[in-house]
Structures are given as C-alpha cells and as structure tokens.
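J.: This is the content of input_34.txt (compact mmCIF, C-alpha atoms):
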# COMPACT_ATOMS: atom_id res chain seq x y z
CA MET A 1 -2.51 11.74 -1.54
CA THR A 2 -4.42 9.09 0.43
CA LEU A 3 -1.78 9.09 3.16
CA ILE A 4 -2.16 12.85 3.52
CA VAL A 5 -5.97 12.82 3.62
CA ASP A 6 -5.88 9.97 6.16
CA ALA A 7 -3.52 12.03 8.33
CA PHE A 8 -6.58 14.04 9.44
CA HIS A 9 -8.19 11.85 12.11
CA ASN A 10 -11.37 13.89 12.31
CA ALA A 11 -13.21 16.35 10.11
CA GLY A 12 -12.46 19.51 12.08
CA GLU A 13 -8.78 18.89 12.75
CA SER A 14 -6.10 21.43 11.69
CA LEU A 15 -2.51 20.26 11.25
CA THR A 16 0.82 21.91 10.53
CA LEU A 17 2.96 20.81 7.62
CA GLY A 18 5.23 18.94 10.02
CA GLY A 19 2.31 17.20 11.70
CA ILE A 20 0.94 15.97 8.37
CA ALA A 21 4.37 14.79 7.21
CA ARG A 22 4.92 12.81 10.42
CA ARG A 23 1.52 11.13 10.32
CA ALA A 24 1.75 10.36 6.62
CA GLY A 25 5.34 9.12 6.90
CA LEU A 26 6.44 11.34 4.00
CA PRO A 27 9.30 13.85 3.59
CA TYR A 28 8.41 17.48 4.28
CA SER A 29 9.14 18.54 0.71
CA THR A 30 6.95 15.80 -0.76
CA THR A 31 4.15 16.57 1.68
CA HIS A 32 4.28 20.30 0.86
CA ARG A 33 4.24 19.66 -2.89
CA ILE A 34 1.21 17.34 -2.67
CA LEU A 35 -0.63 19.72 -0.32
CA GLU A 36 -0.14 22.59 -2.74
CA SER A 37 -1.67 20.51 -5.53
CA LEU A 38 -4.62 19.42 -3.34
CA ILE A 39 -5.64 22.94 -2.25
CA PRO A 40 -7.00 24.15 -5.63
CA LEU A 41 -8.81 20.81 -6.05
CA GLU A 42 -10.53 21.37 -2.65
CA TRP A 43 -9.21 18.20 -1.06
CA VAL A 44 -7.37 20.33 1.50
CA SER A 45 -7.75 23.94 2.59
CA GLN A 46 -5.15 26.23 4.17
CA THR A 47 -6.11 28.08 7.36
CA PRO A 48 -4.29 30.40 9.78
CA LEU A 49 -3.72 27.31 11.97
CA GLY A 50 -2.28 25.20 9.16
CA TYR A 51 -4.15 22.78 6.95
CA SER A 52 -7.57 21.14 7.23
CA LEU A 53 -9.77 18.98 5.04
CA GLY A 54 -11.47 20.81 2.17
CA ARG A 55 -14.88 20.18 0.64
CA ARG A 56 -13.86 17.04 -1.25
CA GLY A 57 -11.76 15.79 1.63
CA LEU A 58 -14.68 16.12 4.03
CA ARG A 59 -16.89 14.17 1.64
CA PHE A 60 -14.23 11.45 1.49
CA ARG A 61 -14.04 11.38 5.30
CA ASN A 62 -17.81 11.24 5.74
CA SER A 63 -18.05 8.24 3.40
CA ALA A 64 -15.30 6.37 5.23
CA ALA A 65 -15.64 3.01 6.91
CA ASP A 66 -18.77 2.13 8.87
CA TYR A 67 -18.06 -0.43 11.58
CA SER A 68 -21.63 -0.53 12.90
CA ALA A 69 -22.01 -4.18 11.76
CA LEU A 70 -19.29 -5.04 14.29
CA ARG A 71 -19.92 -2.47 17.02
CA GLY A 72 -23.64 -3.24 17.36
CA PRO A 73 -23.35 -6.97 18.16
CA ALA A 74 -20.23 -6.39 20.28
CA ALA A 75 -21.59 -3.61 22.53
CA PRO A 76 -23.59 -5.68 25.09
CA HIS A 77 -20.76 -8.20 25.41
CA LEU A 78 -18.18 -5.46 25.99
CA HIS A 79 -20.31 -3.91 28.72
CA ALA A 80 -20.86 -7.28 30.40
CA LEU A 81 -17.12 -8.02 30.32
CA HIS A 82 -16.31 -4.67 31.91
CA LEU A 83 -18.86 -5.20 34.69
CA ARG A 84 -17.46 -8.65 35.48
CA THR A 85 -13.77 -7.73 35.38
CA GLY A 86 -13.76 -4.09 36.47
CA THR A 87 -11.08 -3.49 33.82
CA PRO A 88 -11.28 -1.15 30.79
CA VAL A 89 -12.46 -3.11 27.73
CA PHE A 90 -11.53 -2.17 24.16
CA LEU A 91 -12.77 -3.14 20.72
CA THR A 92 -10.20 -2.55 17.99
CA ALA A 93 -10.14 -3.32 14.27
CA MET A 94 -7.47 -3.83 11.65
CA ASP A 95 -7.94 -0.88 9.32
CA GLY A 96 -5.43 -1.20 6.52
CA ILE A 97 -1.98 -1.03 8.14
CA ASP A 98 -3.35 0.43 11.40
CA GLU A 99 -5.04 -0.75 14.53
CA LEU A 100 -8.12 1.47 15.00
CA VAL A 101 -9.80 1.82 18.42
CA LEU A 102 -13.56 1.52 17.84
CA ASP A 103 -14.91 1.43 21.40
CA ARG A 104 -13.76 1.67 25.00
CA ILE A 105 -15.85 0.71 28.01
CA GLY A 106 -14.60 2.04 31.34
CA GLY A 107 -11.33 3.76 32.02
CA GLY A 108 -11.41 7.20 33.57
CA ARG A 109 -8.18 7.76 35.46
CA THR A 110 -7.11 4.18 34.74
CA ALA A 111 -7.43 4.56 30.96
CA THR A 112 -4.38 3.56 28.97
CA PRO A 113 -2.81 6.52 27.11
CA GLY A 114 -2.97 6.18 23.32
CA LEU A 115 -6.04 3.92 23.38
CA GLU A 116 -8.71 6.60 23.08
CA VAL A 117 -11.64 5.92 20.74
CA GLY A 118 -10.62 6.84 17.22
CA ALA A 119 -6.90 6.51 17.92
CA ARG A 120 -4.71 4.68 15.44
CA GLY A 121 -1.43 2.93 15.98
CA ALA A 122 0.93 0.19 14.95
CA LEU A 123 -0.56 -3.30 15.03
CA HIS A 124 2.49 -4.80 16.74
CA ARG A 125 2.36 -2.36 19.68
CA THR A 126 -0.67 -3.70 21.58
CA ALA A 127 -2.13 -7.01 22.70
CA GLY A 128 -5.13 -6.43 20.42
CA GLY A 129 -2.97 -5.76 17.39
CA ARG A 130 -0.87 -8.87 18.00
CA ALA A 131 -4.01 -10.99 18.45
CA MET A 132 -5.15 -9.89 14.98
CA LEU A 133 -1.69 -10.35 13.45
CA SER A 134 -1.53 -13.92 14.79
CA ALA A 135 -4.33 -14.89 12.40
CA ILE A 136 -2.38 -13.65 9.37
CA ALA A 137 0.21 -15.52 7.32
CA PRO A 138 3.79 -14.62 8.41
CA GLU A 139 4.68 -13.20 4.99
CA ASP A 140 1.67 -10.86 5.17
CA VAL A 141 2.73 -9.77 8.67
CA ASP A 142 6.10 -8.75 7.24
CA GLU A 143 4.40 -6.50 4.70
CA LEU A 144 2.12 -4.87 7.29
CA VAL A 145 4.81 -4.01 9.82
CA ALA A 146 7.16 -2.75 7.12
CA VAL A 147 4.87 0.25 6.51
CA SER A 148 4.75 3.11 9.02
CA PRO A 149 1.32 3.47 10.67
CA ARG A 150 -0.44 6.82 10.63
CA GLY A 151 -1.48 6.87 14.28
CA GLY A 152 0.06 8.17 17.48
CA LEU A 153 0.78 4.84 19.20
CA CYS A 154 3.69 3.91 16.97
CA GLY A 155 7.03 3.80 18.74
CA PRO A 156 10.16 2.33 17.18
CA PRO A 157 9.97 -0.21 14.31
CA PRO A 158 9.51 -3.76 15.59
CA SER A 159 12.18 -6.42 15.69
CA VAL A 160 10.64 -8.68 13.05
CA PRO A 161 12.20 -11.96 14.35
CA ALA A 162 11.07 -11.13 17.91
CA LEU A 163 7.59 -10.25 16.65
CA HIS A 164 7.28 -13.58 14.82
CA ARG A 165 8.35 -15.44 17.97
CA GLU A 166 5.69 -13.64 19.97
CA LEU A 167 3.02 -14.27 17.31
CA ASP A 168 3.94 -17.96 17.34
CA ARG A 169 3.30 -18.01 21.11
CA VAL A 170 -0.04 -16.25 20.54
CA ARG A 171 -1.05 -18.82 17.92
CA ARG A 172 -0.18 -21.68 20.31
CA ARG A 173 -2.55 -20.07 22.84
CA GLY A 174 -5.35 -20.09 20.27
CA GLY A 175 -5.04 -16.39 19.46
CA LEU A 176 -4.80 -15.14 23.06
CA SER A 177 -2.29 -12.30 23.32
CA VAL A 178 -0.81 -11.57 26.76
CA GLU A 179 1.12 -8.44 27.67
CA ARG A 180 3.20 -8.41 30.86
CA ALA A 181 4.13 -5.42 33.03
CA ALA A 182 7.81 -5.87 32.21
CA THR A 183 7.08 -4.86 28.62
CA VAL A 184 5.53 -1.51 29.59
CA PRO A 185 7.84 1.43 28.75
CA GLY A 186 9.31 2.89 31.93
CA PHE A 187 8.44 -0.14 34.03
CA GLY A 188 10.46 -0.19 37.21
CA ALA A 189 10.42 3.60 37.68
CA GLY A 190 7.71 3.42 40.32
CA ALA A 191 5.46 0.74 38.86
CA GLY A 192 7.96 -2.00 39.70
CA ARG A 193 7.72 -1.29 43.41
CA MET A 194 4.02 -2.05 43.43
CA SER A 195 3.63 -4.99 41.05
CA ALA A 196 5.54 -7.95 39.69
CA ALA A 197 7.14 -7.84 36.24
CA SER A 198 5.05 -10.88 35.30
CA ALA A 199 1.76 -9.13 36.13
CA ILE A 200 -0.70 -9.13 33.22
CA VAL A 201 -1.50 -5.63 31.96
CA GLY A 202 -2.95 -6.53 28.55
CA LEU A 203 -5.10 -9.39 27.25
CA ALA A 204 -6.67 -9.74 23.82
CA ALA A 205 -8.49 -12.31 21.71
CA PRO A 206 -9.34 -12.05 18.00
CA VAL A 207 -12.84 -11.61 16.63
CA PHE A 208 -13.55 -13.49 13.41
CA GLY A 209 -15.92 -12.40 10.68
CA PRO A 210 -16.72 -14.29 7.46
CA ARG A 211 -13.40 -13.08 5.99
CA GLY A 212 -11.14 -13.88 8.94
CA ALA A 213 -9.87 -12.12 12.05
CA THR A 214 -10.17 -8.39 11.54
CA ALA A 215 -10.98 -7.21 15.07
CA ALA A 216 -10.03 -7.91 18.67
CA VAL A 217 -11.47 -7.57 22.16
CA SER A 218 -8.92 -6.57 24.77
CA LEU A 219 -8.46 -5.67 28.43
CA HIS A 220 -5.83 -3.10 29.37
CA ALA A 221 -4.73 -2.17 32.88
CA ARG A 222 -1.87 -0.40 34.61
CA PRO A 223 0.93 -2.36 36.33
CA THR A 224 -0.32 -1.09 39.69
CA ALA A 225 -3.72 -2.78 39.14
CA PRO A 226 -2.99 -5.81 36.91
CA ILE A 227 -5.48 -8.14 35.25
CA ARG A 228 -6.29 -11.33 37.15
CA GLU A 229 -5.90 -14.79 35.61
CA TRP A 230 -9.61 -15.54 36.01
CA CYS A 231 -10.38 -12.81 33.45
CA ILE A 232 -8.81 -14.87 30.64
CA PRO A 233 -11.71 -17.32 30.02
CA LEU A 234 -14.21 -14.45 30.27
CA LEU A 235 -12.38 -12.52 27.56
CA VAL A 236 -12.07 -15.55 25.27
CA GLN A 237 -15.75 -16.33 25.72
CA VAL A 238 -16.78 -12.78 24.76
CA ALA A 239 -14.60 -12.81 21.62
CA ARG A 240 -16.13 -16.13 20.57
CA ARG A 241 -19.69 -14.95 21.18
CA ILE A 242 -19.16 -11.85 19.05
CA SER A 243 -17.59 -14.00 16.32
CA ASP A 244 -20.54 -16.39 16.45
CA GLU A 245 -23.04 -13.54 16.09
CA LEU A 246 -21.15 -12.12 13.11
CA ALA A 247 -21.08 -15.57 11.50
CA ASP A 248 -24.80 -16.17 12.13
CA SER A 249 -25.72 -12.85 10.58
CA GLY A 250 -23.27 -13.22 7.69
CA ARG A 251 -21.72 -9.86 8.58
CA ASP A 252 -18.04 -9.03 8.62
CA ALA A 253 -15.98 -7.05 11.10
CA ARG A 254 -14.61 -5.02 8.20
CA PRO A 255 -16.56 -2.41 6.24
CA ALA A 256 -17.15 -2.92 2.55
CA VAL A 257 -14.78 -0.04 1.76
CA PRO A 258 -11.85 0.24 4.24
CA ALA A 259 -11.13 3.78 5.45
CA SER A 260 -7.52 3.47 4.35
CA ALA A 261 -8.31 2.25 0.81
Please lay out the structure from this file as structure tokens.
T.:
Amino acid sequence: MTLIVDAFHNAGESLTLGGIARRAGLPYSTTHRILESLIPLEWVSQTPLGYSLGRRGLRFRNSAADYSALRGPAAPHLHALHLRTGTPVFLTAMDGIDELVLDRIGGGRTATPGLEVGARGALHRTAGGRAMLSAIAPEDVDELVAVSPRGGLCGPPPSVPALHRELDRVRRRGGLSVERAATVPGFGAGAGRMSAASAIVGLAAPVFGPRGATAAVSLHARPTAPIREWCIPLLVQVARRISDELADSGRDARPAVPASA
C-alpha cells in the first residue's frame, strides 16, 4: 500500500494502472487488487484519467517529509556555488531507498534530464547518490540497491561488485564522487566529438547531519561543457559548511518522519 501511495509524486497527479505498477515495482494484478481495496477507504480515487490520491492519501502526502531544516541553511551556499562555477547545483537527499532532488540552482537549457526538483531515482545512478552511499556500510548498500526505486531515473540494476569498487574509490577521496563523460549514456554519438571521455560531468560531496550523511551537494554538466578541476575544492567547501551549520544547530538533514516510511 505504501509503495502505491508513494507512486504519486504530487498531490494532483493522475496515473494509469500500468504507471502505478511500474513506479511501485509491483505486478499489474497485485497493483489492481490493492487499488480496488484502497478506493472505498478513500486512499485512492478513480477518475476518467486513471487513479489519483483520495482524501486520506492527500492527507498522508501533505504530512510527508519536511526538509526545511536542510534546505534553509543550504540555500545561500548553493547560490554562491552556482555563481562561482556557472554550473547547475543540486541538493539531493536519501529518502528511504530513493535519491530525492530537493533543490536545483541554475540549469535552463543545460539542465540535466531526470534531475528536476521533486524527481526521484536510484541512488547508484548519480554522483550525489554515490556520495551518500559511500558513507554507508557495504552490507547496507547491498540492501538499498536490491530494492527497485520508485523514481524515473532508474535504469538497469547495478552491477553490485562494480558499485562497491566505485564506492571504495569515493571513500578514498573523502566522499567526493566524480562522474566522467564516458559514463554518460550515448556518449560518443555527438558528445564525443566535442569533449574528452575523461571530462568531468558530475561532482558530489556528502552533507552530514547529526545522524550521518543523508544529503549531498552536486554539480552536473553536459559533456560539451564539462566541470573544471578548480570547482572541486569549492564544492567540498560548500558541503562542509552546510554540514557544520547542521551540526551547530543540532538539526538533521533527514525529517523526523521519512516520506517513504
């Protein structure tokens, strides 16, 4: 039931049966059976366009996670980082098994698809997600990536041994996650003629609250306009400043009640 309610990313969204099943990671028959039981209880309502959240579902959604304790202290640092680098800056959080995009500064035509505010995706798919995973015990990483995320930026299941090798490299860099142009899907079909495969297109550093690393600050660019090396210390400095402010205030990057609970 929770997987189905979480499949609706915003209060006014209508989804087909197939769309809910794909986001929830459940068989069609199971999804249909649960939906039919939720309708009379007003968790879900059926409309001409498909299904949407009902009265109780909307109340559940409205009482979901509040990340203001993280977003408030982070905002001025994110803006300053964008002004200094000229690259889109993202603040993401680990929300259950998903990476949730909380804020994006800059972008426009250079914005990275799938990283819109409110988007969810697999933690292993982005530099920000891998920065957060690097702060987690390997056995806990195995459990997280074994479950299908509910967002759009999912892709194929990860190669677990390859993921652990990459997370080990991230840990040796102090939590800094680096994504190269050669790892971008479709690289070489146009992008390769304008940039090197080793060009940096993603950088991320973890943000630590009192309960550990549950957020990340990241830069994302296209292979045609890669991130410069001098941006690395600026990004690390911003992540540390946000972490310090959270520690000084005793606040955590995570809400008291996670949205995916």
J.: Counting only C-alpha atoms, select every polymer residue within 10 Å of (1.5, -4.8, 23.2) as defined in the file's coordinates, and provide the selection as a count of residues only.
T.: 21
J.: Between A:Gly106, A:Gly121, A:Gly96, A:Pro158, which has the minimum distance to Arg84 (chain A) (counting all atoms listed in the file)?
T.: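 Nearest to Arg84 (chain A): A:Gly106.
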J.: May I ask for the distance between CA of Ala80 (chain A) and CA of Ser218 (chain A), given in Å to one decimal place?
T.: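 CA of Ala80 (chain A) sits 13.2 Å away from CA of Ser218 (chain A).
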J.: Can you measure CA of Leu91 (chain A) to CA of Glu13 (chain A) for me? One decimal in Å is fine.
T.: 23.8 Å
J.: I need the residue nearest Gly50 (chain A) from this list: A:Ser37, A:Ser68, A:Thr16, A:Ser243. Use only C-alpha atoms for the distance.
T.: A:Thr16
J.: Find the distance between CA of Ala239 (chain A) and CA of Gly86 (chain A) and write it in Å to one decimal.
T.: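 Interatomic distance here is 17.2 Å.
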J.: Return the single residue from A:Asp142, A:Arg171, A:Val89, A:Ala162 that is closest to Ile227 (chain A), with distances computed using all atoms listed in the file.
T.: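 Among A:Asp142, A:Arg171, A:Val89, A:Ala162, it is A:Val89 that comes nearest to Ile227 (chain A).
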J.: Do a neighbour search on Thr31 (chain A) at 10 Å with all atoms listed in the file, toss out local chain neighbours closer than 2 positions, and write the hits as a tab-separated table (two decimals) with C-alpha atoms, keeping the file's coordinate frame.
T.:
chain	number	residue	atom	x	y	z
A	1	MET	CA	-2.51	11.74	-1.54
A	3	LEU	CA	-1.78	9.09	3.16
A	4	ILE	CA	-2.16	12.85	3.52
A	17	LEU	CA	2.96	20.81	7.62
A	18	GLY	CA	5.23	18.94	10.02
A	20	ILE	CA	0.94	15.97	8.37
A	21	ALA	CA	4.37	14.79	7.21
A	22	ARG	CA	4.92	12.81	10.42
A	24	ALA	CA	1.75	10.36	6.62
A	25	GLY	CA	5.34	9.12	6.90
A	26	LEU	CA	6.44	11.34	4.00
A	27	PRO	CA	9.30	13.85	3.59
A	28	TYR	CA	8.41	17.48	4.28
A	29	SER	CA	9.14	18.54	0.71
A	33	ARG	CA	4.24	19.66	-2.89
A	34	ILE	CA	1.21	17.34	-2.67
A	35	LEU	CA	-0.63	19.72	-0.32
A	36	GLU	CA	-0.14	22.59	-2.74
J.: Could you check the closest approach to Ala119 (chain A) for each of A:Phe8, A:Ala197, A:Leu246, A:Pro48 and tell me which residue wins, using only C-alpha atoms?
T.: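 With only C-alpha atoms as the atom set, the closest residue is A:Phe8.
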J.: Residues around (-17.9, 0.5, 16.0), cut-off 9 Å, counting all atoms listed in the file - what are they as a count of residues only?
T.: 15
J.: With 3 Å of padding per side, what axis-aligned box (centre and edge lengths, Å, one decimal) covers all the listed atoms of region 87-99 of chain A? Give it as JSON.
T.:
{"center_x": -7.4, "center_y": -1.7, "center_z": 20.2, "size_x": 16.8, "size_y": 10.3, "size_z": 33.3}
J.: If you count only C-alpha atoms, which residues fall within 10 Å of Gly54 (chain A), apart from same-chain ones fewer than 3 positions away, as JSON, numbers by chain?
T.: {"A": [5, 11, 38, 39, 40, 41, 42, 43, 44, 45, 46, 51, 57, 58, 59, 60]}
J.: Between A:Ala199, A:Leu167, A:Ile105, A:Leu53, which one has atoms that come closest to Thr87 (chain A), using only C-alpha atoms?
T.: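 The shortest atom-to-atom distance to Thr87 (chain A) comes from A:Ile105.
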